[in-house]
$ cat start_27.txt   # compact mmCIF, C-alpha atoms and all ligand atoms
# COMPACT_ATOMS: atom_id res chain seq x y z
CA MET L 24 0.00 0.00 0.00
CA GLY L 25 2.94 2.29 0.76
CA LEU L 26 4.25 1.64 -2.76
CA THR L 27 0.78 2.29 -4.19
CA VAL L 28 0.50 5.68 -2.47
CA PHE L 29 4.09 6.52 -3.48
CA LEU L 30 3.30 5.70 -7.13
CA PHE L 31 0.10 7.75 -6.93
CA VAL L 32 1.95 10.81 -5.62
CA CYS L 33 4.65 10.44 -8.34
CA LEU L 34 1.95 10.13 -11.01
CA ALA L 35 0.19 13.25 -9.74
CA ALA L 36 3.48 15.20 -9.77
CA LEU L 37 4.50 14.03 -13.26
CA GLY L 38 0.99 14.52 -14.60
CA GLY L 39 0.84 18.04 -13.17
CA TRP L 40 4.22 18.82 -14.73
CA MET L 41 3.09 17.50 -18.13
CA ARG L 42 -0.06 19.59 -17.89
CA TYR L 43 2.00 22.65 -17.06
CA LEU L 44 4.36 22.09 -20.01
CA ARG L 45 1.45 21.44 -22.35
CA LEU L 46 -0.44 24.58 -21.32
CA GLN L 47 2.77 26.66 -21.52
CA GLY L 48 3.42 25.31 -25.01
CA GLU L 49 -0.07 26.40 -26.01
CA THR L 50 0.33 29.99 -24.87
CA VAL L 51 4.10 30.41 -25.46
CA PRO L 52 5.09 28.25 -28.46
CA ALA L 53 8.68 29.59 -28.31
CA ILE L 54 9.31 27.54 -25.18
CA ASP L 55 9.62 24.43 -27.41
CA THR L 56 13.08 23.46 -26.17
CA GLN L 57 11.67 22.83 -22.70
CA THR L 58 8.65 21.06 -24.07
CA SER L 59 10.95 18.39 -25.56
CA LEU L 60 11.04 16.96 -22.03
CA PHE L 61 7.42 16.02 -22.57
CA PRO L 62 7.82 12.66 -24.42
CA SER L 63 10.12 11.22 -21.72
CA LEU L 64 7.87 12.51 -18.93
CA ARG L 65 4.99 10.88 -20.68
CA ARG L 66 6.82 7.54 -20.94
CA VAL L 67 7.77 7.58 -17.25
CA HIS L 68 4.23 8.60 -16.25
CA PHE L 69 2.81 5.76 -18.31
CA SER L 70 5.23 3.16 -16.86
CA LEU L 71 4.49 4.28 -13.29
CA GLY L 72 0.80 4.09 -14.17
CA MET L 73 1.20 0.48 -15.28
CA MET L 74 3.02 -0.24 -11.99
CA LEU L 75 0.12 1.35 -10.10
CA VAL L 76 -2.34 -0.94 -11.89
CA PHE L 77 -0.12 -3.90 -10.99
CA THR L 78 0.19 -3.06 -7.27
CA ILE L 79 -3.57 -2.49 -6.99
CA LEU L 80 -4.33 -5.85 -8.60
CA LEU L 81 -1.76 -7.44 -6.27
CA LEU L 82 -3.48 -5.94 -3.20
CA LEU L 83 -6.83 -7.10 -4.56
CA SER L 84 -5.62 -10.70 -4.96
CA ILE L 85 -3.89 -10.72 -1.55
CA GLY L 86 -7.10 -9.36 0.05
CA ILE L 87 -9.35 -11.89 -1.66
CA VAL L 88 -7.06 -14.91 -1.21
CA GLY L 89 -6.31 -13.99 2.42
CA THR L 90 -9.97 -13.44 3.30
CA LEU L 91 -11.10 -16.64 1.55
CA GLY L 92 -8.34 -18.58 3.32
CA HIS L 93 -9.32 -17.18 6.70
CA PHE L 94 -13.13 -17.13 6.49
CA GLY L 95 -14.00 -19.14 3.40
CA SER L 96 -16.19 -16.27 2.21
CA LEU L 97 -15.98 -12.60 1.20
CA GLY L 98 -17.80 -9.44 2.17
CA HIS L 99 -17.31 -9.00 5.91
CA SER L 100 -17.02 -5.22 5.85
CA PRO L 101 -17.28 -2.10 3.67
CA HIS L 102 -13.62 -2.80 2.81
CA LEU L 103 -14.79 -5.12 0.00
CA PRO L 104 -16.93 -2.59 -1.96
CA VAL L 105 -14.38 0.17 -1.37
CA GLY L 106 -11.57 -2.14 -2.55
CA LEU L 107 -13.50 -3.06 -5.70
CA THR L 108 -14.18 0.66 -6.32
CA VAL L 109 -10.43 1.38 -6.16
CA VAL L 110 -9.72 -1.40 -8.66
CA THR L 111 -12.45 -0.19 -11.04
CA LEU L 112 -11.30 3.45 -10.88
CA THR L 113 -7.66 2.48 -11.49
CA LEU L 114 -8.48 0.34 -14.51
CA ALA L 115 -10.83 3.04 -15.86
CA SER L 116 -8.14 5.69 -15.39
CA ALA L 117 -5.54 3.60 -17.23
CA TRP L 118 -8.03 3.01 -20.04
CA SER L 119 -8.92 6.72 -20.28
CA ALA L 120 -5.18 7.47 -20.47
CA THR L 121 -4.87 5.33 -23.59
CA GLN L 122 -7.60 7.47 -25.22
CA ILE L 123 -6.03 10.88 -24.46
CA ASN L 124 -4.20 11.40 -27.74
CA HIS L 125 -7.11 10.29 -29.89
CA PRO L 126 -8.18 13.32 -31.97
CA GLN L 127 -11.88 12.45 -31.76
CA LYS L 128 -11.87 12.01 -27.99
CA PRO L 129 -11.33 15.40 -26.37
CA TRP L 130 -13.14 14.20 -23.24
CA ALA L 131 -10.49 11.58 -22.43
CA ARG L 132 -8.11 14.02 -20.70
CA SER L 133 -10.71 15.47 -18.35
CA LEU L 134 -12.08 11.96 -17.72
CA HIS L 135 -8.55 10.86 -16.74
CA LEU L 136 -8.29 13.76 -14.28
CA THR L 137 -11.78 13.21 -12.82
CA LEU L 138 -11.17 9.49 -12.32
CA ASN L 139 -7.85 10.24 -10.63
CA SER L 140 -9.43 12.71 -8.18
CA LEU L 141 -12.03 10.09 -7.30
CA LEU L 142 -9.22 7.54 -6.99
CA MET L 143 -7.47 9.73 -4.42
CA VAL L 144 -10.61 9.72 -2.24
CA ALA L 145 -11.10 5.97 -2.77
CA LEU L 146 -7.48 5.20 -1.81
CA ALA L 147 -7.96 7.12 1.45
CA LEU L 148 -11.19 5.19 2.14
CA VAL L 149 -9.62 1.80 1.37
CA SER L 150 -6.71 2.50 3.72
CA TRP L 151 -9.11 3.60 6.45
CA SER L 152 -11.50 0.65 6.03
CA GLY L 153 -8.53 -1.76 5.71
CA TRP L 154 -7.13 -0.33 8.92
CA LEU L 155 -10.50 -0.86 10.66
CA VAL L 156 -10.46 -4.51 9.54
CA VAL L 157 -6.91 -4.92 10.87
CA GLN L 158 -8.09 -3.59 14.26
CA LYS L 159 -10.61 -6.43 14.48
CA TYR L 160 -7.74 -8.95 14.61
CA LEU L 161 -5.81 -7.12 17.29
CA PRO L 162 -6.55 -8.15 20.88
C1 LIG Q 1 -3.57 4.48 -13.88
C2 LIG Q 1 -2.47 4.62 -14.55
C3 LIG Q 1 -2.16 5.86 -15.39
C4 LIG Q 1 -1.79 5.85 -16.70
C5 LIG Q 1 -1.59 4.62 -17.57
C6 LIG Q 1 -1.62 7.23 -17.10
C7 LIG Q 1 -1.27 7.66 -18.36
C8 LIG Q 1 -1.35 8.95 -18.83
C9 LIG Q 1 -1.17 9.36 -20.20
C10 LIG Q 1 -0.85 8.43 -21.38
C11 LIG Q 1 -1.33 10.70 -20.24
C12 LIG Q 1 -1.30 11.57 -21.50
C13 LIG Q 1 -0.11 12.40 -21.65
C14 LIG Q 1 -0.33 13.24 -22.88
O1 LIG Q 1 -0.92 14.31 -22.78
O2 LIG Q 1 0.09 12.81 -23.95
C15 LIG Q 1 -1.61 11.16 -18.89
C16 LIG Q 1 -1.83 12.48 -18.53
C17 LIG Q 1 -2.00 12.91 -17.22
N1 LIG Q 1 -2.12 12.11 -16.11
FE1 LIG Q 1 -1.98 10.10 -16.08
N2 LIG Q 1 -1.88 8.06 -16.04
C18 LIG Q 1 -2.21 7.25 -14.96
C19 LIG Q 1 -2.51 7.67 -13.70
C20 LIG Q 1 -2.52 9.00 -13.27
C21 LIG Q 1 -2.71 9.42 -11.92
C22 LIG Q 1 -2.92 8.48 -10.73
C23 LIG Q 1 -2.67 10.79 -11.92
C24 LIG Q 1 -2.82 11.79 -10.82
C25 LIG Q 1 -3.06 11.53 -9.59
C26 LIG Q 1 -2.48 11.22 -13.29
C27 LIG Q 1 -2.42 12.53 -13.72
C28 LIG Q 1 -2.27 12.92 -15.01
C29 LIG Q 1 -2.24 14.31 -15.45
C30 LIG Q 1 -2.39 15.55 -14.55
C31 LIG Q 1 -2.06 14.29 -16.84
C32 LIG Q 1 -1.92 15.50 -17.77
C33 LIG Q 1 -3.22 15.96 -18.29
C34 LIG Q 1 -3.05 17.19 -19.13
O3 LIG Q 1 -2.07 17.27 -19.86
O4 LIG Q 1 -3.89 18.06 -19.03
N3 LIG Q 1 -2.38 10.10 -14.09
N4 LIG Q 1 -1.62 10.06 -18.06
C1 LIG Q 2 -5.84 -0.86 -3.20
C2 LIG Q 2 -5.93 -1.23 -1.98
C3 LIG Q 2 -6.68 -2.43 -1.48
C4 LIG Q 2 -7.54 -3.28 -2.12
C5 LIG Q 2 -7.99 -3.24 -3.59
C6 LIG Q 2 -7.98 -4.25 -1.15
C7 LIG Q 2 -8.87 -5.27 -1.42
C8 LIG Q 2 -9.32 -6.17 -0.48
C9 LIG Q 2 -10.40 -7.12 -0.69
C10 LIG Q 2 -11.23 -7.23 -1.95
C11 LIG Q 2 -10.52 -7.85 0.44
C12 LIG Q 2 -11.58 -8.93 0.73
C13 LIG Q 2 -12.59 -8.24 1.67
C14 LIG Q 2 -13.83 -9.01 2.04
O1 LIG Q 2 -14.24 -9.90 1.30
O2 LIG Q 2 -14.44 -8.68 3.09
C15 LIG Q 2 -9.52 -7.37 1.38
C16 LIG Q 2 -9.33 -7.87 2.64
C17 LIG Q 2 -8.49 -7.29 3.60
N1 LIG Q 2 -7.73 -6.14 3.44
FE1 LIG Q 2 -7.55 -5.08 1.77
N2 LIG Q 2 -7.38 -3.97 0.04
C18 LIG Q 2 -6.58 -2.87 -0.10
C19 LIG Q 2 -5.83 -2.23 0.86
C20 LIG Q 2 -5.75 -2.63 2.18
C21 LIG Q 2 -5.06 -1.92 3.23
C22 LIG Q 2 -4.33 -0.60 3.04
C23 LIG Q 2 -5.20 -2.67 4.38
C24 LIG Q 2 -4.70 -2.40 5.77
C25 LIG Q 2 -4.43 -1.24 6.28
C26 LIG Q 2 -5.96 -3.83 4.06
C27 LIG Q 2 -6.30 -4.84 4.94
C28 LIG Q 2 -7.11 -5.89 4.66
C29 LIG Q 2 -7.46 -6.94 5.61
C30 LIG Q 2 -6.97 -7.03 7.05
C31 LIG Q 2 -8.32 -7.81 4.95
C32 LIG Q 2 -9.03 -9.06 5.53
C33 LIG Q 2 -10.49 -8.69 5.67
C34 LIG Q 2 -11.33 -9.63 6.43
O3 LIG Q 2 -10.79 -10.66 6.86
O4 LIG Q 2 -12.53 -9.33 6.61
N3 LIG Q 2 -6.30 -3.78 2.72
N4 LIG Q 2 -8.81 -6.35 0.79
$ encode --input "start_27.txt" --output "structure tokens" --more "lines below"
Ligand code: HEM
Ligand code: HEM
Amino acid sequence: MGLTVFLFVCLAALGGWMRYLRLQGETVPAIDTQTSLFPSLRRVHFSLGMMLVFTILLLLSIGIVGTLGHFGSLGHSPHLPVGLTVVTLTLASAWSATQINHPQKPWARSLHLTLNSLLMVALALVSWSGWLVVQKYLP
């Protein structure tokens, strides 16, 4: 989870930087030399994004396998729906990212940003609800 949050913060920083460069390039085209950073930023952002998807799926499988092993069933707390929401938002965000440079899909960029804001809230909720579940096992 620490890695997940770390990746999320890096993605937000890189994404914000890309947005800044892009908007600068729009208003001040002469700044092109700086904007050449953009393709590498984009590659790093995309790779970190794939790692985020991977860590979230890993947490999902650990949660499901662990809970099934312990109880033989799922759905003991709000942690399950919140966890599934996090997974859905992450996959949707990664998908929306692949649509961003499509000329006929101007909505993809704002969708990516909206999904990521929701994801931030959902990550906080999943940590909180996960923490509550952990408390149940402590004496
Ligand atoms: C889930 C995995 C993710 C993938 C695969 C991904 C991929 C991408 C891609 C391909 C772009 C387009 C860059 C371009 O304009 O050409 C982008 C833009 C962006 N992403 Fe992500 N991203 C992910 C997660 C995130 C997260 C978690 C955040 C923030 C918390 C974020 C924030 C941004 C921002 C701010 C932009 C720039 C939008 C703009 O230029 O206006 N991304 N992302
Ligand atoms: C992206 C993040 C996470 C996802 C997608 C996720 C997903 C899940 C899922 C689907 C379950 C099965 C829940 C059930 O059927 O009731 C589970 C169980 C569990 N998770 Fe997570 N989880 C995440 C993060 C966390 C965190 C941060 C913690 C601890 C602080 C945590 C602690 C637990 C514990 C203790 C269980 C066992 C629940 C039980 O026995 O009722 N999880 N997780």
$ residues_around --input "start_27.txt" --residues "Leu97 (chain L)" --least-positions-apart "5" --cutoff "12 Å" --atoms "all atoms listed in the file" --output "PDB file with C-alpha atoms, in the coordinates of the input"
ATOM      1  CA  GLY L  86      -7.100  -9.360   0.050  1.00  0.00           C
ATOM      2  CA  ILE L  87      -9.350 -11.890  -1.660  1.00  0.00           C
ATOM      3  CA  VAL L  88      -7.060 -14.910  -1.210  1.00  0.00           C
ATOM      4  CA  GLY L  89      -6.310 -13.990   2.420  1.00  0.00           C
ATOM      5  CA  THR L  90      -9.970 -13.440   3.300  1.00  0.00           C
ATOM      6  CA  LEU L  91     -11.100 -16.640   1.550  1.00  0.00           C
ATOM      7  CA  GLY L  92      -8.340 -18.580   3.320  1.00  0.00           C
ATOM      8  CA  HIS L 102     -13.620  -2.800   2.810  1.00  0.00           C
ATOM      9  CA  LEU L 103     -14.790  -5.120   0.000  1.00  0.00           C
ATOM     10  CA  PRO L 104     -16.930  -2.590  -1.960  1.00  0.00           C
ATOM     11  CA  GLY L 106     -11.570  -2.140  -2.550  1.00  0.00           C
TER      12      GLY L 106
END
$ axis_aligned_box --input "start_27.txt" --around "ligand LIG 1 (chain Q)" --padding-each-side "3 Å" --output "lines of an AutoDock Vina configuration file"
center_x = -1.9
center_y = 11.3
center_z = -16.8
size_x = 10.0
size_y = 19.6
size_z = 20.4
$ closest_residue --input "start_27.txt" --among "L:Ser70, L:Ser133, L:Thr111, L:Gln127" --to "ligand LIG 2 (chain Q)" --atoms "only C-alpha atoms and all ligand atoms"
L:Thr111
$ closest_atom_pairs --input "start_27.txt" --of "chain L" --to "ligand LIG 1 (chain Q)" --cutoff "8 Å" --atoms "all atoms listed in the file" --output "Markdown table"
| residue | atom | partner | partner_atom | distance |
| --- | --- | --- | --- | --- |
| L:Leu30 | CA | Q:LIG1 | C22 | 7.7 |
| L:Phe31 | CA | Q:LIG1 | C22 | 4.9 |
| L:Val32 | CA | Q:LIG1 | C25 | 6.4 |
| L:Cys33 | CA | Q:LIG1 | C25 | 7.9 |
| L:Leu34 | CA | Q:LIG1 | C23 | 4.8 |
| L:Ala35 | CA | Q:LIG1 | C24 | 3.5 |
| L:Ala36 | CA | Q:LIG1 | C24 | 7.2 |
| L:Leu37 | CA | Q:LIG1 | C28 | 7.1 |
| L:Gly38 | CA | Q:LIG1 | C29 | 3.3 |
| L:Gly39 | CA | Q:LIG1 | C30 | 4.3 |
| L:Trp40 | CA | Q:LIG1 | C30 | 7.4 |
| L:Met41 | CA | Q:LIG1 | C32 | 5.4 |
| L:Arg42 | CA | Q:LIG1 | O3 | 3.6 |
| L:Tyr43 | CA | Q:LIG1 | O3 | 7.3 |
| L:Arg45 | CA | Q:LIG1 | O3 | 6.0 |
| L:Leu46 | CA | Q:LIG1 | O3 | 7.6 |
| L:Pro62 | CA | Q:LIG1 | O2 | 7.7 |
| L:Arg65 | CA | Q:LIG1 | C13 | 5.4 |
| L:Arg66 | CA | Q:LIG1 | C10 | 7.7 |
| L:His68 | CA | Q:LIG1 | C7 | 6.0 |
| L:Phe69 | CA | Q:LIG1 | C7 | 4.5 |
| L:Ser70 | CA | Q:LIG1 | C5 | 7.0 |
| L:Leu71 | CA | Q:LIG1 | C2 | 7.1 |
| L:Gly72 | CA | Q:LIG1 | C2 | 3.3 |
| L:Met73 | CA | Q:LIG1 | C5 | 5.5 |
| L:Met74 | CA | Q:LIG1 | C2 | 7.8 |
| L:Leu75 | CA | Q:LIG1 | C2 | 6.1 |
| L:Val76 | CA | Q:LIG1 | C1 | 5.9 |
| L:Thr113 | CA | Q:LIG1 | C1 | 5.1 |
| L:Leu114 | CA | Q:LIG1 | C1 | 6.5 |
| L:Ala115 | CA | Q:LIG1 | C1 | 7.7 |
| L:Ser116 | CA | Q:LIG1 | C1 | 5.0 |
| L:Ala117 | CA | Q:LIG1 | C1 | 4.0 |
| L:Trp118 | CA | Q:LIG1 | C5 | 7.1 |
| L:Ser119 | CA | Q:LIG1 | C7 | 7.9 |
| L:Ala120 | CA | Q:LIG1 | C8 | 4.4 |
| L:Thr121 | CA | Q:LIG1 | C10 | 5.5 |
| L:Gln122 | CA | Q:LIG1 | C10 | 7.8 |
| L:Ile123 | CA | Q:LIG1 | C12 | 5.6 |
| L:Asn124 | CA | Q:LIG1 | O2 | 5.9 |
| L:Arg132 | CA | Q:LIG1 | C33 | 5.8 |
| L:Ser133 | CA | Q:LIG1 | O4 | 7.3 |
| L:His135 | CA | Q:LIG1 | N1 | 6.6 |
| L:Leu136 | CA | Q:LIG1 | C27 | 6.0 |
| L:Asn139 | CA | Q:LIG1 | C25 | 5.1 |
| L:Ser140 | CA | Q:LIG1 | C25 | 6.6 |
| L:Leu142 | CA | Q:LIG1 | C22 | 7.4 |
| L:Met143 | CA | Q:LIG1 | C25 | 7.0 |
$ atom_distance --input "start_27.txt" --atom1 "CA of Lys159 (chain L)" --atom2 "CA of Phe77 (chain L)"
27.7 Å
$ closest_atom_pairs --input "start_27.txt" --of "chain L" --to "ligand LIG 2 (chain Q)" --cutoff "8 Å" --atoms "all atoms listed in the file" --output "tab-separated table"
residue	atom	partner	partner_atom	distance
L:Met24	CA	Q:LIG2	C22	5.3
L:Thr27	CA	Q:LIG2	C1	7.4
L:Thr78	CA	Q:LIG2	C1	7.6
L:Ile79	CA	Q:LIG2	C1	4.7
L:Leu80	CA	Q:LIG2	C5	6.7
L:Leu81	CA	Q:LIG2	C5	8.0
L:Leu82	CA	Q:LIG2	C4	5.0
L:Leu83	CA	Q:LIG2	C5	4.1
L:Ser84	CA	Q:LIG2	C10	7.3
L:Ile85	CA	Q:LIG2	N4	7.0
L:Gly86	CA	Q:LIG2	C15	3.4
L:Ile87	CA	Q:LIG2	C12	4.4
L:Val88	CA	Q:LIG2	C12	7.7
L:Gly89	CA	Q:LIG2	C32	6.4
L:Thr90	CA	Q:LIG2	O3	4.6
L:Leu91	CA	Q:LIG2	O1	7.4
L:His93	CA	Q:LIG2	O3	6.7
L:Phe94	CA	Q:LIG2	O3	6.9
L:Ser96	CA	Q:LIG2	O1	6.7
L:Leu97	CA	Q:LIG2	O1	3.2
L:Gly98	CA	Q:LIG2	O2	3.6
L:His99	CA	Q:LIG2	O2	4.0
L:Ser100	CA	Q:LIG2	O2	5.1
L:Pro101	CA	Q:LIG2	O2	7.2
L:His102	CA	Q:LIG2	C13	5.7
L:Leu103	CA	Q:LIG2	C13	4.2
L:Pro104	CA	Q:LIG2	C10	7.3
L:Val105	CA	Q:LIG2	C5	7.6
L:Gly106	CA	Q:LIG2	C5	3.9
L:Leu107	CA	Q:LIG2	C5	5.9
L:Thr108	CA	Q:LIG2	C5	7.8
L:Val109	CA	Q:LIG2	C5	5.8
L:Val110	CA	Q:LIG2	C5	5.7
L:Leu146	CA	Q:LIG2	C1	6.4
L:Val149	CA	Q:LIG2	C19	5.6
L:Ser150	CA	Q:LIG2	C22	4.0
L:Trp151	CA	Q:LIG2	C25	6.7
L:Ser152	CA	Q:LIG2	C23	7.3
L:Gly153	CA	Q:LIG2	C26	3.7
L:Trp154	CA	Q:LIG2	C25	3.9
L:Leu155	CA	Q:LIG2	C25	7.5
L:Val156	CA	Q:LIG2	C30	5.0
L:Val157	CA	Q:LIG2	C30	4.4
L:Tyr160	CA	Q:LIG2	C30	7.8
$ atom_distance --input "start_27.txt" --atom1 "CA of Leu26 (chain L)" --atom2 "CA of Gln158 (chain L)"
21.7 Å
$ atom_distance --input "start_27.txt" --atom1 "CA of Val67 (chain L)" --atom2 "CA of Thr50 (chain L)"
24.8 Å
$ closest_residue --input "start_27.txt" --among "L:Glu49, L:Ala147, L:Trp130, L:Leu44" --to "Phe61 (chain L)" --atoms "all atoms listed in the file"
L:Leu44
